[in-house]
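A short worksheet on the structure shown next.
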Amino acid sequence: MAHTLSLRAPLDDNGLPHHDQAQVPGPVLVTETSTALGRNYRITPEGMTEIFDRLRPHLPPYLTAVHQHPTWLKFEFAPFTGREKEPCSPAVRTDPRLAYGTDDEAERLLRSAAIGILDDLYAQARDQWSNAAYAADLKEVVQDADALWKAYQRELTGMEAAYAYLRSPEAGAEWRPAVSRLIDAQDRALRAAEAFDCRAVRIAEVHRRHLYADYGHAAALAAAGYPRGADWPIADVDDYGTSRSLAGQLSRTVENLNAHVAKVARLSGTATG
C-alpha cells in the first residue's frame, strides 16, 4: 500500500507525535486519492496526532523515535540482535478505534490511514531485523573461514612456486625430485581448498536463506564482523561438490599443470632422466 503523508504533527521528546488535548481537530483529518500504485492518504497535523493516539497501545517497545519527512515517516528502532522474534503487525481489528466497519467516511479514512502507518512501521522493523538476523546467522557459521582462506592462499603460493621452479634451468638437474615436490604442493593446496569449501558451503547456505535481505553478501559479512569476507570465493550453494567450487577449480588447474609437465618431460626426455 502506498501512502502520501503530510507530516507536521508536533513530536514529543522521543520524536513520537503527542496528543494535544487543547487542539480541536478540523472537520477533515484524512483525505484519500487512488493511483496506479495504490491509495494515497494526506493527513492533517491533527489527524496524525489522533492516529498516533490510537496506535499507541500497538506500538512495539523497540520503537524509539519517529522522524517526519515531507511525504513519509521513518521509524527508528533499538538495535536488533537478529535473535528476536520477527516483527509482525499486531492484530488490531478488534480495537474499536481501528476496526473496519464504520459507516462514517471520515472515520473510515482515519482508521485506514492508521492501519497503513502501523503496517509501514512493522515493515521497516522487519527490514532492519532481517539484516540483523542475516549477520547473526553468519556469525554462527563463519568461524575459522578467514584462517582457512589464508591457509589455502599459502598452499597455492607454494604450489605455484614449485611449478615455477620446474620451468627454471636448475630443475633439469633434479627433475624427478622437483616433480615430486610439485605433486606434494598440489596435494596440500587441494586439501586446503577442500577445507575452505567445507566452511564456505555453510556460508553459502546462509546467503541463500537470506536471499531477499537488503544486505548484499559482502555487507552482511562485514556486519557480522568479517569485512575481509568480501575477498572469500563463496560460490552458490549449488556449486559445491561440482567443478565450480574452489576445490573443483583448483583440480582443473592441477590437471592442466600436470598435462604440461608430462608433455615437457616426454618431449625433452627428462621423464627418464
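Letters A, B, ... go to the chains of the C-alpha cells in the order shown; residues in each chain start at 1; ligands are counted from 1 in the same order.
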Shell of 8 Å around Ala78 of chain A, only C-alpha atoms, local chain residues under 3 positions omitted, as a list of chain:residue names: A:Tyr62, A:Leu63, A:Thr64
Shell around Arg191 of chain A at 12 Å using only C-alpha atoms, local window under 5 positions removed, as a list in words: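 Non-adjacent residues within range: Leu148, Trp149, Ala151, Tyr152, Gln153, Glu155, Leu156, Asp184, Ala185, Gln186, Phe196, Asp197, Cys198, Leu246, Ala247, Gly248, Leu250 and Ser251 of chain A.
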Could the residues in this selection be saved with C-alpha atoms as a compact mmCIF listing (two decimals), in the first residue's frame?
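Listing of again30.txt after writing:
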# COMPACT_ATOMS: atom_id res chain seq x y z
CA LEU A 148 41.20 -21.49 6.18
CA TRP A 149 41.30 -18.98 3.35
CA ALA A 151 45.97 -21.38 4.62
CA TYR A 152 44.73 -22.03 1.10
CA GLN A 153 46.47 -18.93 -0.21
CA GLU A 155 49.49 -23.54 -0.13
CA LEU A 156 48.52 -22.15 -3.52
CA ASP A 184 53.19 -32.70 -2.77
CA ALA A 185 52.44 -28.98 -3.08
CA GLN A 186 49.40 -29.73 -5.25
CA PHE A 196 37.80 -23.94 2.86
CA ASP A 197 34.92 -25.28 0.77
CA CYS A 198 33.58 -27.15 3.81
CA LEU A 246 37.18 -23.73 -5.11
CA ALA A 247 38.49 -27.30 -4.97
CA GLY A 248 36.91 -28.05 -8.35
CA LEU A 250 41.93 -25.93 -8.44
CA SER A 251 41.61 -29.52 -9.63
Counting only C-alpha atoms, which residues of segment 187-242 of chain A sit at most 12 Å from some atom of segment 254-272 of chain A, and what is each one's closest atom pair with its distance in Å to one decimal, listed by chain and rising residue number, as a tab-separated table?
residue	atom	partner	partner_atom	distance
A:Asp187	CA	A:Val254	CA	9.4
A:Arg188	CA	A:Val254	CA	11.7
A:Ala189	CA	A:Val254	CA	9.7
A:Leu190	CA	A:Val254	CA	8.9
How about saving the chosen residues, N, CA, C and O atoms kept, as a PDB file, in the first residue's frame?
ATOM      1  N   ASP A 187      48.906 -31.488  -3.659  1.00  0.00           N
ATOM      2  CA  ASP A 187      48.059 -32.204  -2.698  1.00  0.00           C
ATOM      3  C   ASP A 187      47.712 -31.314  -1.508  1.00  0.00           C
ATOM      4  O   ASP A 187      46.562 -31.302  -1.032  1.00  0.00           O
ATOM      5  N   ARG A 188      48.689 -30.570  -1.014  1.00  0.00           N
ATOM      6  CA  ARG A 188      48.429 -29.682   0.126  1.00  0.00           C
ATOM      7  C   ARG A 188      47.442 -28.580  -0.259  1.00  0.00           C
ATOM      8  O   ARG A 188      46.532 -28.240   0.506  1.00  0.00           O
ATOM      9  N   ALA A 189      47.609 -28.032  -1.455  1.00  0.00           N
ATOM     10  CA  ALA A 189      46.707 -26.967  -1.908  1.00  0.00           C
ATOM     11  C   ALA A 189      45.287 -27.495  -2.084  1.00  0.00           C
ATOM     12  O   ALA A 189      44.309 -26.821  -1.727  1.00  0.00           O
ATOM     13  N   LEU A 190      45.159 -28.689  -2.623  1.00  0.00           N
ATOM     14  CA  LEU A 190      43.825 -29.268  -2.806  1.00  0.00           C
ATOM     15  C   LEU A 190      43.149 -29.540  -1.465  1.00  0.00           C
ATOM     16  O   LEU A 190      41.952 -29.305  -1.302  1.00  0.00           O
TER      17      LEU A 190
END
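Among the candidates A:Asp146, A:Asp137, A:Glu46, A:Glu160, the residue lying nearest to Thr253 of chain A is A:Glu160 (atoms considered: only C-alpha atoms).
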Residue neighbourhood segment 224-234 of chain A, 12 Å, only C-alpha atoms, exclusion window fewer than 4 positions, as JSON, numbers by chain: {"A": [81, 82, 131, 132, 133, 134, 135, 136, 137, 138, 139, 140, 141, 142, 143, 144, 145, 146, 147, 148, 149, 150, 152, 153, 193, 196, 197, 198, 199, 200, 201, 202, 203, 204, 205, 206, 207, 208, 215, 216, 217, 218, 219, 220, 238, 239, 240, 244, 245, 246, 247, 249]}
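The two atoms in question, atom CA of Ser89 of chain A and atom CA of Gly116 of chain A, are spaced 10.5 Å apart.
For Ala125 of chain A, the set of protein, DNA and RNA residues having any atom at most 8 Å away, when counting only C-alpha atoms and skipping those fewer than 5 positions along the same chain, is Phe75, Phe77 and Pro87 of chain A.
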Using only C-alpha atoms: which of A:Pro45, A:Val92, A:Gly241, A:Leu121 has the shortest distance to Glu194 of chain A: A:Gly241
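Take atom CA of Cys88 of chain A and atom CA of Trp72 of chain A: the distance between them is 20.2 Å.
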Residues flagged strand (DSSP E) by DSSP in segment 8-211 of chain A, as number ranges by chain: A: 30-35, 38-43, 63-68, 73-77
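A straight line drawn from atom CA of Tyr212 of chain A to atom CA of Pro90 of chain A is 23.1 Å long.
When only C-alpha atoms are used to compute distances to His58 of chain A, the closest of the residues A:Asp95, A:Glu170, A:Glu86, A:Glu76 turns out to be A:Asp95.
If you measure from each of A:Ser130, A:Arg111, A:Ala195, A:Tyr163 to His210 of chain A using only C-alpha atoms, the closest one turns out to be A:Ser130.
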